[in-house]
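S.K.: Structure supplied as coords-v9.csv; contents: CSV, N, CA, C and O atoms.
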```csv
chain,number,residue,atom,x,y,z
A,21,MET,N,-102.6,78.7,-41.2
A,21,MET,CA,-102.9,79.4,-42.5
A,21,MET,C,-103.2,78.3,-43.5
A,21,MET,O,-102.6,77.3,-43.6
A,22,LEU,N,-104.2,78.6,-44.3
A,22,LEU,CA,-104.7,77.7,-45.4
A,22,LEU,C,-103.7,77.7,-46.5
A,22,LEU,O,-103.1,78.7,-46.9
A,23,LYS,N,-103.5,76.5,-47.1
A,23,LYS,CA,-102.7,76.3,-48.3
A,23,LYS,C,-103.5,76.8,-49.5
A,23,LYS,O,-104.6,76.4,-49.6
A,24,HIS,N,-102.8,77.5,-50.4
A,24,HIS,CA,-103.5,77.9,-51.6
A,24,HIS,C,-103.3,76.8,-52.7
A,24,HIS,O,-102.1,76.5,-53.0
A,25,ASN,N,-104.3,76.2,-53.1
A,25,ASN,CA,-104.3,75.2,-54.1
A,25,ASN,C,-104.4,75.7,-55.5
A,25,ASN,O,-105.0,76.8,-55.7
A,26,PHE,N,-103.8,75.0,-56.5
A,26,PHE,CA,-103.9,75.4,-57.9
A,26,PHE,C,-104.9,74.5,-58.5
A,26,PHE,O,-104.9,73.3,-58.4
A,27,TYR,N,-105.9,75.1,-59.2
A,27,TYR,CA,-106.9,74.4,-59.9
A,27,TYR,C,-106.8,74.7,-61.4
A,27,TYR,O,-107.1,75.9,-61.7
A,28,PRO,N,-106.5,73.8,-62.3
A,28,PRO,CA,-106.5,74.0,-63.7
A,28,PRO,C,-108.0,74.5,-64.1
A,28,PRO,O,-109.0,74.1,-63.5
A,29,VAL,N,-108.0,75.2,-65.2
A,29,VAL,CA,-109.3,75.8,-65.7
A,29,VAL,C,-110.3,74.6,-66.0
A,29,VAL,O,-111.4,74.7,-65.7
A,30,GLU,N,-109.8,73.5,-66.6
A,30,GLU,CA,-110.6,72.4,-66.9
A,30,GLU,C,-111.3,71.8,-65.6
A,30,GLU,O,-112.5,71.5,-65.6
A,31,LEU,N,-110.5,71.7,-64.6
A,31,LEU,CA,-111.1,71.2,-63.3
A,31,LEU,C,-112.1,72.2,-62.7
A,31,LEU,O,-113.1,71.8,-62.2
A,32,LYS,N,-111.8,73.5,-62.8
A,32,LYS,CA,-112.7,74.5,-62.3
A,32,LYS,C,-114.1,74.4,-63.0
A,32,LYS,O,-115.1,74.4,-62.4
A,33,ILE,N,-114.0,74.2,-64.3
A,33,ILE,CA,-115.2,74.0,-65.1
A,33,ILE,C,-116.0,72.8,-64.7
A,33,ILE,O,-117.2,72.8,-64.6
A,34,GLN,N,-115.3,71.7,-64.5
A,34,GLN,CA,-115.9,70.4,-64.1
A,34,GLN,C,-116.6,70.7,-62.7
A,34,GLN,O,-117.8,70.2,-62.5
A,35,ILE,N,-115.9,71.3,-61.8
A,35,ILE,CA,-116.5,71.6,-60.5
A,35,ILE,C,-117.8,72.5,-60.6
A,35,ILE,O,-118.8,72.2,-60.0
A,36,ILE,N,-117.7,73.5,-61.5
A,36,ILE,CA,-118.8,74.4,-61.7
A,36,ILE,C,-120.0,73.7,-62.2
A,36,ILE,O,-121.1,73.9,-61.8
A,37,LYS,N,-119.7,72.8,-63.2
A,37,LYS,CA,-120.8,72.0,-63.8
A,37,LYS,C,-121.5,71.1,-62.8
A,37,LYS,O,-122.7,71.0,-62.8
A,38,ARG,N,-120.7,70.5,-62.0
A,38,ARG,CA,-121.3,69.7,-60.9
A,38,ARG,C,-122.1,70.6,-59.9
A,38,ARG,O,-123.2,70.2,-59.5
A,39,PHE,N,-121.7,71.7,-59.6
A,39,PHE,CA,-122.4,72.7,-58.8
A,39,PHE,C,-123.7,73.1,-59.4
A,39,PHE,O,-124.8,73.1,-58.8
A,40,LEU,N,-123.6,73.4,-60.7
A,40,LEU,CA,-124.8,73.8,-61.5
A,40,LEU,C,-125.8,72.7,-61.6
A,40,LEU,O,-127.0,72.9,-61.8
A,41,ASN,N,-125.3,71.4,-61.5
A,41,ASN,CA,-126.2,70.3,-61.6
A,41,ASN,C,-126.8,69.9,-60.3
A,41,ASN,O,-127.4,68.8,-60.2
A,42,GLY,N,-126.5,70.6,-59.3
A,42,GLY,CA,-127.2,70.4,-58.0
A,42,GLY,C,-126.4,70.0,-56.8
A,42,GLY,O,-126.9,69.8,-55.7
A,43,GLU,N,-125.1,69.7,-57.1
A,43,GLU,CA,-124.3,69.3,-55.9
A,43,GLU,C,-124.1,70.5,-55.0
A,43,GLU,O,-124.0,71.6,-55.5
A,44,SER,N,-124.0,70.2,-53.7
A,44,SER,CA,-123.8,71.4,-52.8
A,44,SER,C,-122.4,72.0,-52.8
A,44,SER,O,-121.5,71.3,-53.1
A,45,ALA,N,-122.4,73.3,-52.6
A,45,ALA,CA,-121.1,74.0,-52.6
A,45,ALA,C,-120.2,73.4,-51.5
A,45,ALA,O,-119.0,73.2,-51.6
A,46,ALA,N,-120.8,73.1,-50.3
A,46,ALA,CA,-120.1,72.6,-49.2
A,46,ALA,C,-119.4,71.3,-49.5
A,46,ALA,O,-118.2,71.0,-49.2
A,47,SER,N,-120.1,70.4,-50.2
A,47,SER,CA,-119.5,69.1,-50.5
A,47,SER,C,-118.4,69.2,-51.5
A,47,SER,O,-117.4,68.5,-51.5
A,48,LEU,N,-118.6,70.1,-52.5
A,48,LEU,CA,-117.6,70.3,-53.5
A,48,LEU,C,-116.3,71.0,-52.9
A,48,LEU,O,-115.2,70.6,-53.2
A,49,ARG,N,-116.6,71.9,-52.0
A,49,ARG,CA,-115.4,72.6,-51.3
A,49,ARG,C,-114.6,71.5,-50.5
A,49,ARG,O,-113.4,71.6,-50.5
A,50,GLU,N,-115.3,70.6,-49.8
A,50,GLU,CA,-114.7,69.6,-49.0
A,50,GLU,C,-113.9,68.7,-49.9
A,50,GLU,O,-112.7,68.3,-49.7
A,51,GLU,N,-114.5,68.2,-51.0
A,51,GLU,CA,-113.9,67.2,-51.9
A,51,GLU,C,-112.7,67.8,-52.6
A,51,GLU,O,-111.7,67.1,-52.7
A,52,PHE,N,-112.7,69.0,-53.0
A,52,PHE,CA,-111.6,69.6,-53.7
A,52,PHE,C,-110.7,70.5,-52.9
A,52,PHE,O,-109.8,71.2,-53.4
A,53,LYS,N,-111.0,70.6,-51.6
A,53,LYS,CA,-110.2,71.4,-50.7
A,53,LYS,C,-110.1,72.8,-51.1
A,53,LYS,O,-109.1,73.5,-51.1
A,54,ILE,N,-111.3,73.4,-51.4
A,54,ILE,CA,-111.4,74.8,-51.8
A,54,ILE,C,-111.6,75.6,-50.5
A,54,ILE,O,-112.6,75.4,-49.8
A,55,PRO,N,-110.6,76.4,-50.1
A,55,PRO,CA,-110.6,77.0,-48.7
A,55,PRO,C,-111.7,78.1,-48.5
A,55,PRO,O,-112.2,78.2,-47.4
A,56,SER,N,-112.0,78.8,-49.5
A,56,SER,CA,-112.9,80.0,-49.3
A,56,SER,C,-114.3,79.6,-49.8
A,56,SER,O,-114.5,79.1,-50.9
A,57,ARG,N,-115.3,80.1,-49.0
A,57,ARG,CA,-116.7,79.8,-49.4
A,57,ARG,C,-117.1,80.6,-50.7
A,57,ARG,O,-117.9,80.1,-51.5
A,58,GLY,N,-116.5,81.8,-50.9
A,58,GLY,CA,-116.9,82.6,-52.0
A,58,GLY,C,-116.3,82.2,-53.3
A,58,GLY,O,-116.8,82.5,-54.4
A,59,THR,N,-115.2,81.4,-53.3
A,59,THR,CA,-114.5,81.0,-54.5
A,59,THR,C,-115.3,80.3,-55.5
A,59,THR,O,-115.4,80.7,-56.7
A,60,LEU,N,-116.1,79.3,-55.1
A,60,LEU,CA,-116.9,78.5,-56.0
A,60,LEU,C,-118.0,79.4,-56.6
A,60,LEU,O,-118.3,79.3,-57.8
A,61,TYR,N,-118.6,80.3,-55.8
A,61,TYR,CA,-119.6,81.2,-56.4
A,61,TYR,C,-119.0,82.2,-57.4
A,61,TYR,O,-119.6,82.5,-58.4
A,62,LYS,N,-117.8,82.6,-57.1
A,62,LYS,CA,-117.1,83.5,-58.0
A,62,LYS,C,-116.8,82.8,-59.3
A,62,LYS,O,-117.0,83.4,-60.4
A,63,TRP,N,-116.3,81.6,-59.2
A,63,TRP,CA,-116.0,80.8,-60.4
A,63,TRP,C,-117.3,80.6,-61.2
A,63,TRP,O,-117.3,80.7,-62.5
A,64,LYS,N,-118.4,80.3,-60.5
A,64,LYS,CA,-119.7,80.1,-61.2
A,64,LYS,C,-120.2,81.3,-61.9
A,64,LYS,O,-120.6,81.3,-63.1
A,65,ASP,N,-120.0,82.5,-61.3
A,65,ASP,CA,-120.4,83.8,-61.9
A,65,ASP,C,-119.6,84.0,-63.2
A,65,ASP,O,-120.1,84.4,-64.2
A,66,TRP,N,-118.3,83.8,-63.1
A,66,TRP,CA,-117.4,84.0,-64.2
A,66,TRP,C,-117.8,83.1,-65.4
A,66,TRP,O,-117.9,83.5,-66.5
A,67,TYR,N,-118.1,81.8,-65.0
A,67,TYR,CA,-118.5,80.8,-66.0
A,67,TYR,C,-119.8,81.2,-66.7
A,67,TYR,O,-119.9,81.2,-67.9
A,68,LEU,N,-120.8,81.6,-65.9
A,68,LEU,CA,-122.1,81.9,-66.5
A,68,LEU,C,-122.0,83.2,-67.3
A,68,LEU,O,-122.8,83.4,-68.2
A,69,ASN,N,-121.1,84.1,-67.0
A,69,ASN,CA,-121.0,85.4,-67.7
A,69,ASN,C,-120.0,85.3,-68.9
A,69,ASN,O,-119.7,86.3,-69.5
A,70,GLY,N,-119.5,84.1,-69.1
A,70,GLY,CA,-118.6,83.8,-70.3
A,70,GLY,C,-117.2,84.4,-70.0
A,70,GLY,O,-116.5,84.5,-71.0
A,71,GLU,N,-116.9,84.6,-68.8
A,71,GLU,CA,-115.5,85.1,-68.5
A,71,GLU,C,-114.6,83.9,-68.2
A,71,GLU,O,-113.9,83.9,-67.1
A,72,ILE,N,-114.5,83.0,-69.1
A,72,ILE,CA,-113.7,81.8,-68.9
A,72,ILE,C,-112.2,82.2,-68.6
A,72,ILE,O,-111.5,81.5,-67.8
A,73,ILE,N,-111.7,83.2,-69.3
A,73,ILE,CA,-110.3,83.6,-69.1
A,73,ILE,C,-110.1,84.0,-67.6
A,73,ILE,O,-108.9,83.8,-67.1
A,74,SER,N,-111.1,84.5,-66.9
A,74,SER,CA,-110.9,84.9,-65.5
A,74,SER,C,-110.6,83.6,-64.7
A,74,SER,O,-110.0,83.7,-63.6
A,75,LEU,N,-111.1,82.5,-65.2
A,75,LEU,CA,-110.9,81.2,-64.4
A,75,LEU,C,-109.4,80.8,-64.4
A,75,LEU,O,-109.0,80.0,-63.7
A,76,GLU,N,-108.6,81.4,-65.3
A,76,GLU,CA,-107.2,81.1,-65.4
A,76,GLU,C,-106.4,81.7,-64.2
A,76,GLU,O,-105.3,81.4,-63.9
A,77,SER,N,-107.0,82.6,-63.5
A,77,SER,CA,-106.4,83.3,-62.3
A,77,SER,C,-106.2,82.2,-61.2
A,77,SER,O,-107.1,81.5,-60.9
A,78,SER,N,-105.0,82.2,-60.7
A,78,SER,CA,-104.7,81.2,-59.7
A,78,SER,C,-105.1,81.8,-58.3
A,78,SER,O,-105.3,81.0,-57.3
A,79,SER,N,-105.2,83.1,-58.2
A,79,SER,CA,-105.5,83.7,-56.9
A,79,SER,C,-107.0,83.8,-56.6
A,79,SER,O,-107.4,84.1,-55.5
A,80,GLY,N,-107.9,83.5,-57.6
A,80,GLY,CA,-109.3,83.6,-57.3
A,80,GLY,C,-109.8,85.0,-57.6
A,80,GLY,O,-110.9,85.3,-57.5
A,81,ARG,N,-108.9,85.9,-58.0
A,81,ARG,CA,-109.2,87.2,-58.4
A,81,ARG,C,-109.1,87.4,-59.9
A,81,ARG,O,-108.2,86.8,-60.5
A,82,ARG,N,-109.9,88.2,-60.5
A,82,ARG,CA,-109.8,88.4,-62.0
A,82,ARG,C,-108.4,89.1,-62.2
A,82,ARG,O,-108.0,89.9,-61.5
A,83,LEU,N,-107.8,88.7,-63.3
A,83,LEU,CA,-106.6,89.3,-63.7
A,83,LEU,C,-106.8,90.7,-64.2
A,83,LEU,O,-107.8,91.0,-64.8
A,84,GLU,N,-105.9,91.6,-63.8
A,84,GLU,CA,-106.0,93.0,-64.2
A,84,GLU,C,-106.3,93.2,-65.7
A,84,GLU,O,-107.1,94.0,-66.1
A,85,LYS,N,-105.6,92.4,-66.5
A,85,LYS,CA,-105.7,92.5,-67.9
A,85,LYS,C,-107.1,92.1,-68.4
A,85,LYS,O,-107.5,92.4,-69.5
A,86,ASP,N,-107.9,91.4,-67.6
A,86,ASP,CA,-109.2,90.9,-68.0
A,86,ASP,C,-110.3,91.9,-67.6
A,86,ASP,O,-111.4,91.7,-68.0
A,87,ILE,N,-110.0,92.9,-66.9
A,87,ILE,CA,-111.0,93.9,-66.5
A,87,ILE,C,-111.2,94.8,-67.8
A,87,ILE,O,-110.3,95.3,-68.4
A,88,SER,N,-112.5,95.1,-68.1
A,88,SER,CA,-112.8,95.9,-69.2
A,88,SER,C,-112.3,97.3,-69.1
A,88,SER,O,-112.0,97.8,-68.0
A,89,VAL,N,-112.2,98.0,-70.2
A,89,VAL,CA,-111.8,99.4,-70.3
A,89,VAL,C,-112.7,100.2,-69.4
A,89,VAL,O,-112.2,101.1,-68.6
A,90,SER,N,-114.0,100.0,-69.5
A,90,SER,CA,-114.9,100.9,-68.7
A,90,SER,C,-114.7,100.6,-67.2
A,90,SER,O,-114.8,101.5,-66.4
A,91,GLU,N,-114.4,99.3,-66.8
A,91,GLU,CA,-114.2,99.0,-65.4
A,91,GLU,C,-112.8,99.7,-64.9
A,91,GLU,O,-112.7,100.2,-63.8
A,92,GLN,N,-111.8,99.7,-65.8
A,92,GLN,CA,-110.6,100.3,-65.5
A,92,GLN,C,-110.7,101.8,-65.3
A,92,GLN,O,-110.2,102.4,-64.4
A,93,LEU,N,-111.5,102.4,-66.2
A,93,LEU,CA,-111.8,103.8,-66.2
A,93,LEU,C,-112.5,104.2,-64.9
A,93,LEU,O,-112.2,105.2,-64.2
A,94,ASP,N,-113.5,103.4,-64.5
A,94,ASP,CA,-114.3,103.6,-63.3
A,94,ASP,C,-113.3,103.6,-62.1
A,94,ASP,O,-113.4,104.4,-61.2
A,95,LYS,N,-112.4,102.6,-62.1
A,95,LYS,CA,-111.5,102.4,-61.0
A,95,LYS,C,-110.5,103.6,-60.9
A,95,LYS,O,-110.4,104.2,-59.8
A,96,VAL,N,-110.0,104.1,-62.0
A,96,VAL,CA,-109.1,105.2,-62.0
A,96,VAL,C,-109.8,106.5,-61.6
A,96,VAL,O,-109.3,107.3,-60.9
A,97,THR,N,-111.1,106.6,-62.1
A,97,THR,CA,-111.9,107.8,-61.7
A,97,THR,C,-112.1,107.9,-60.2
A,97,THR,O,-112.0,108.9,-59.6
A,98,LYS,N,-112.5,106.8,-59.6
A,98,LYS,CA,-112.7,106.7,-58.2
A,98,LYS,C,-111.4,107.1,-57.4
A,98,LYS,O,-111.5,107.8,-56.5
A,99,GLU,N,-110.3,106.5,-57.9
A,99,GLU,CA,-109.0,106.9,-57.2
A,99,GLU,C,-108.7,108.3,-57.4
A,99,GLU,O,-108.3,109.0,-56.4
A,100,LEU,N,-108.9,108.9,-58.5
A,100,LEU,CA,-108.7,110.3,-58.8
A,100,LEU,C,-109.6,111.2,-57.9
A,100,LEU,O,-109.1,112.2,-57.2
A,101,ASN,N,-110.8,110.9,-57.8
A,101,ASN,CA,-111.8,111.6,-56.9
A,101,ASN,C,-111.4,111.5,-55.5
A,101,ASN,O,-111.4,112.5,-54.7
A,102,LEU,N,-110.9,110.3,-55.0
A,102,LEU,CA,-110.5,110.2,-53.7
A,102,LEU,C,-109.3,111.1,-53.4
A,102,LEU,O,-109.2,111.8,-52.4
A,103,LEU,N,-108.3,111.1,-54.3
A,103,LEU,CA,-107.1,111.9,-54.1
A,103,LEU,C,-107.5,113.4,-54.2
A,103,LEU,O,-106.9,114.2,-53.4
A,104,LYS,N,-108.4,113.8,-55.0
A,104,LYS,CA,-108.9,115.2,-55.0
A,104,LYS,C,-109.5,115.6,-53.7
A,104,LYS,O,-109.2,116.7,-53.2
A,105,ASN,N,-110.3,114.7,-53.2
A,105,ASN,CA,-111.0,115.0,-51.9
A,105,ASN,C,-109.9,115.1,-50.8
A,105,ASN,O,-110.0,116.0,-49.9
A,106,ILE,N,-109.0,114.3,-50.8
A,106,ILE,CA,-107.9,114.3,-49.7
A,106,ILE,C,-107.1,115.6,-49.9
A,106,ILE,O,-106.8,116.3,-48.9
A,107,PHE,N,-106.7,115.9,-51.1
A,107,PHE,CA,-106.0,117.1,-51.4
A,107,PHE,C,-106.7,118.4,-51.0
A,107,PHE,O,-106.2,119.3,-50.3
A,108,LEU,N,-108.0,118.4,-51.4
A,108,LEU,CA,-108.8,119.6,-51.0
A,108,LEU,C,-109.1,119.7,-49.5
A,108,LEU,O,-109.1,120.8,-49.0
A,109,LYS,N,-109.2,118.6,-48.9
A,109,LYS,CA,-109.4,118.7,-47.4
A,109,LYS,C,-108.1,119.2,-46.7
A,109,LYS,O,-108.2,120.0,-45.8
A,110,LYS,N,-107.0,118.8,-47.2
A,110,LYS,CA,-105.7,119.3,-46.7
A,110,LYS,C,-105.6,120.8,-46.9
A,110,LYS,O,-105.1,121.5,-46.0
A,111,GLU,N,-106.0,121.3,-48.1
A,111,GLU,CA,-106.0,122.7,-48.3
A,111,GLU,C,-106.9,123.5,-47.4
A,111,GLU,O,-106.6,124.6,-46.9
A,112,ASP,N,-108.1,122.9,-47.2
A,112,ASP,CA,-109.1,123.6,-46.3
A,112,ASP,C,-108.6,123.7,-44.8
A,112,ASP,O,-108.9,124.6,-44.1
A,113,ASP,N,-107.8,122.6,-44.4
A,113,ASP,CA,-107.3,122.6,-43.1
A,113,ASP,C,-106.1,123.6,-42.9
A,113,ASP,O,-105.8,123.9,-41.7
A,114,SER,N,-105.5,124.0,-43.9
A,114,SER,CA,-104.4,124.9,-43.8
A,114,SER,C,-104.7,126.3,-43.5
A,114,SER,O,-105.7,126.8,-43.7
```
Output the structure of this file as structure tokens.
M.R.:
Amino acid sequence: MLKHNFYPVELKIQIIKRFLNGESAASLREEFKIPSRGTLYKWKDWYLNGEIISLESSSGRRLEKDISVSEQLDKVTKELNLLKNIFLKKEDDS
């Protein structure tokens, strides 16, 4: 199992800047022991979209509090529709 490393926001930004300046993702992953291939790209997207606060997440996932209200509403709406479909299917089967 891979060890989860902690990267301070400042270090993540330095890594992203090096990546944006042309260093390969593979070499940066190796140098900084970043286990997942997608992590560096996720950090880059957050950085370019101005979501610096998301870089504070130690898990590589955006913090729930950082998700916009519209994204939260979309998530809850999808969950509600899924539950409705499951409930209606059970009623139809009865």
S.K.: Take atom CA of Glu71 of chain A and atom N of Glu99 of chain A and report the distance between them in Å, one decimal.
M.R.: 24.4 Å
S.K.: May I ask which of the residues A:Leu102, A:Leu60, A:Trp66, A:Asn25 is the closest one to Phe39 of chain A, counting all atoms listed in the file?
M.R.: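 Closest to Phe39 of chain A of all the choices is A:Leu60.
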S.K.: Compile the contact shell of Arg57 of chain A as a list of chain:residue names: residues with an atom at most 7 Å away, counting only N, CA, C and O atoms, same-chain residues fewer than 4 positions apart removed.
M.R.: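 Non-adjacent residues within range: A:Ala45, A:Tyr61, A:Lys62.
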S.K.: Rounded to one decimal, what separation in Å do you get between atom C of Arg38 of chain A and atom N of Ser88 of chain A?
M.R.: 27.6 Å
S.K.: Apply DSSP to the backbone of this structure and, from segment 28-111 of chain A, keep only the residues in alpha helix (DSSP H); write these as JSON, numbers by chain.
M.R.: {"A": [29, 30, 31, 32, 33, 34, 35, 36, 37, 38, 39, 40, 45, 46, 47, 48, 49, 50, 51, 52, 57, 58, 59, 60, 61, 62, 63, 64, 65, 66, 67, 68, 89, 90, 91, 92, 93, 94, 95, 96, 97, 98, 99, 100, 101, 102, 103, 104, 105, 106, 107, 108, 109, 110, 111]}
S.K.: Enter the distance from atom O of Ile72 of chain A to atom O of Lys32 of chain A, in Å, rounded to one decimal.
M.R.: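 Calculated distance between atom O of Ile72 of chain A and atom O of Lys32 of chain A is 9.6 Å.
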S.K.: Would you mind completing segment 60-70 of chain A so that it carries all heavy atoms, and writing it out as a compact mmCIF listing (two decimals), in the frame of the given file?
M.R.:
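Contents of selection_15.txt, freshly written:
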```
# COMPACT_ATOMS: atom_id res chain seq x y z
N LEU A 60 -116.10 79.30 -55.10
CA LEU A 60 -116.90 78.50 -56.00
C LEU A 60 -118.00 79.40 -56.60
O LEU A 60 -118.30 79.30 -57.80
CB LEU A 60 -117.53 77.35 -55.21
CG LEU A 60 -118.29 76.33 -56.04
CD1 LEU A 60 -117.42 75.76 -57.14
CD2 LEU A 60 -118.79 75.21 -55.15
N TYR A 61 -118.60 80.30 -55.80
CA TYR A 61 -119.60 81.20 -56.40
C TYR A 61 -119.00 82.20 -57.40
O TYR A 61 -119.60 82.50 -58.40
CB TYR A 61 -120.32 81.92 -55.25
CG TYR A 61 -121.16 80.99 -54.41
CD1 TYR A 61 -120.65 80.43 -53.24
CD2 TYR A 61 -122.44 80.64 -54.82
CE1 TYR A 61 -121.41 79.55 -52.48
CE2 TYR A 61 -123.21 79.76 -54.07
CZ TYR A 61 -122.68 79.22 -52.91
OH TYR A 61 -123.44 78.35 -52.16
N LYS A 62 -117.80 82.60 -57.10
CA LYS A 62 -117.10 83.50 -58.00
C LYS A 62 -116.80 82.80 -59.30
O LYS A 62 -117.00 83.40 -60.40
CB LYS A 62 -115.80 84.03 -57.38
CG LYS A 62 -115.15 85.18 -58.09
CD LYS A 62 -113.88 85.63 -57.39
CE LYS A 62 -114.10 85.84 -55.91
NZ LYS A 62 -112.92 86.26 -55.20
N TRP A 63 -116.30 81.60 -59.20
CA TRP A 63 -116.00 80.80 -60.40
C TRP A 63 -117.30 80.60 -61.20
O TRP A 63 -117.30 80.70 -62.50
CB TRP A 63 -115.48 79.43 -60.09
CG TRP A 63 -114.11 79.41 -59.51
CD1 TRP A 63 -113.24 80.44 -59.40
CD2 TRP A 63 -113.45 78.27 -58.96
NE1 TRP A 63 -112.08 80.02 -58.80
CE2 TRP A 63 -112.18 78.70 -58.52
CE3 TRP A 63 -113.81 76.94 -58.77
CZ2 TRP A 63 -111.26 77.81 -57.94
CZ3 TRP A 63 -112.91 76.08 -58.19
CH2 TRP A 63 -111.64 76.52 -57.78
N LYS A 64 -118.40 80.30 -60.50
CA LYS A 64 -119.70 80.10 -61.20
C LYS A 64 -120.20 81.30 -61.90
O LYS A 64 -120.60 81.30 -63.10
CB LYS A 64 -120.78 79.68 -60.19
CG LYS A 64 -122.15 79.44 -60.82
CD LYS A 64 -123.24 79.29 -59.78
CE LYS A 64 -123.58 80.66 -59.28
NZ LYS A 64 -124.82 80.84 -58.62
N ASP A 65 -120.00 82.50 -61.30
CA ASP A 65 -120.40 83.80 -61.90
C ASP A 65 -119.60 84.00 -63.20
O ASP A 65 -120.10 84.40 -64.20
CB ASP A 65 -120.31 84.93 -60.96
CG ASP A 65 -121.35 84.89 -59.85
OD1 ASP A 65 -122.36 84.18 -60.00
OD2 ASP A 65 -121.14 85.58 -58.83
N TRP A 66 -118.30 83.80 -63.10
CA TRP A 66 -117.40 84.00 -64.20
C TRP A 66 -117.80 83.10 -65.40
O TRP A 66 -117.90 83.50 -66.50
CB TRP A 66 -115.96 83.82 -63.88
CG TRP A 66 -115.38 84.90 -63.02
CD1 TRP A 66 -115.85 86.16 -62.81
CD2 TRP A 66 -114.18 84.82 -62.25
NE1 TRP A 66 -115.03 86.84 -61.95
CE2 TRP A 66 -113.99 86.05 -61.59
CE3 TRP A 66 -113.25 83.81 -62.04
CZ2 TRP A 66 -112.91 86.31 -60.77
CZ3 TRP A 66 -112.17 84.07 -61.21
CH2 TRP A 66 -112.00 85.31 -60.58
N TYR A 67 -118.10 81.80 -65.00
CA TYR A 67 -118.50 80.80 -66.00
C TYR A 67 -119.80 81.20 -66.70
O TYR A 67 -119.90 81.20 -67.90
CB TYR A 67 -118.57 79.47 -65.36
CG TYR A 67 -118.98 78.36 -66.29
CD1 TYR A 67 -118.05 77.77 -67.15
CD2 TYR A 67 -120.29 77.88 -66.32
CE1 TYR A 67 -118.42 76.74 -68.00
CE2 TYR A 67 -120.66 76.85 -67.16
CZ TYR A 67 -119.73 76.29 -68.00
OH TYR A 67 -120.10 75.28 -68.85
N LEU A 68 -120.80 81.60 -65.90
CA LEU A 68 -122.10 81.90 -66.50
C LEU A 68 -122.00 83.20 -67.30
O LEU A 68 -122.80 83.40 -68.20
CB LEU A 68 -123.13 82.03 -65.37
CG LEU A 68 -123.47 80.72 -64.67
CD1 LEU A 68 -124.43 80.96 -63.52
CD2 LEU A 68 -124.03 79.70 -65.66
N ASN A 69 -121.10 84.10 -67.00
CA ASN A 69 -121.00 85.40 -67.70
C ASN A 69 -120.00 85.30 -68.90
O ASN A 69 -119.70 86.30 -69.50
CB ASN A 69 -120.49 86.51 -66.76
CG ASN A 69 -121.55 86.90 -65.76
OD1 ASN A 69 -122.74 86.86 -66.05
ND2 ASN A 69 -121.11 87.28 -64.57
N GLY A 70 -119.50 84.10 -69.10
CA GLY A 70 -118.60 83.80 -70.30
C GLY A 70 -117.20 84.40 -70.00
O GLY A 70 -116.50 84.50 -71.00
```
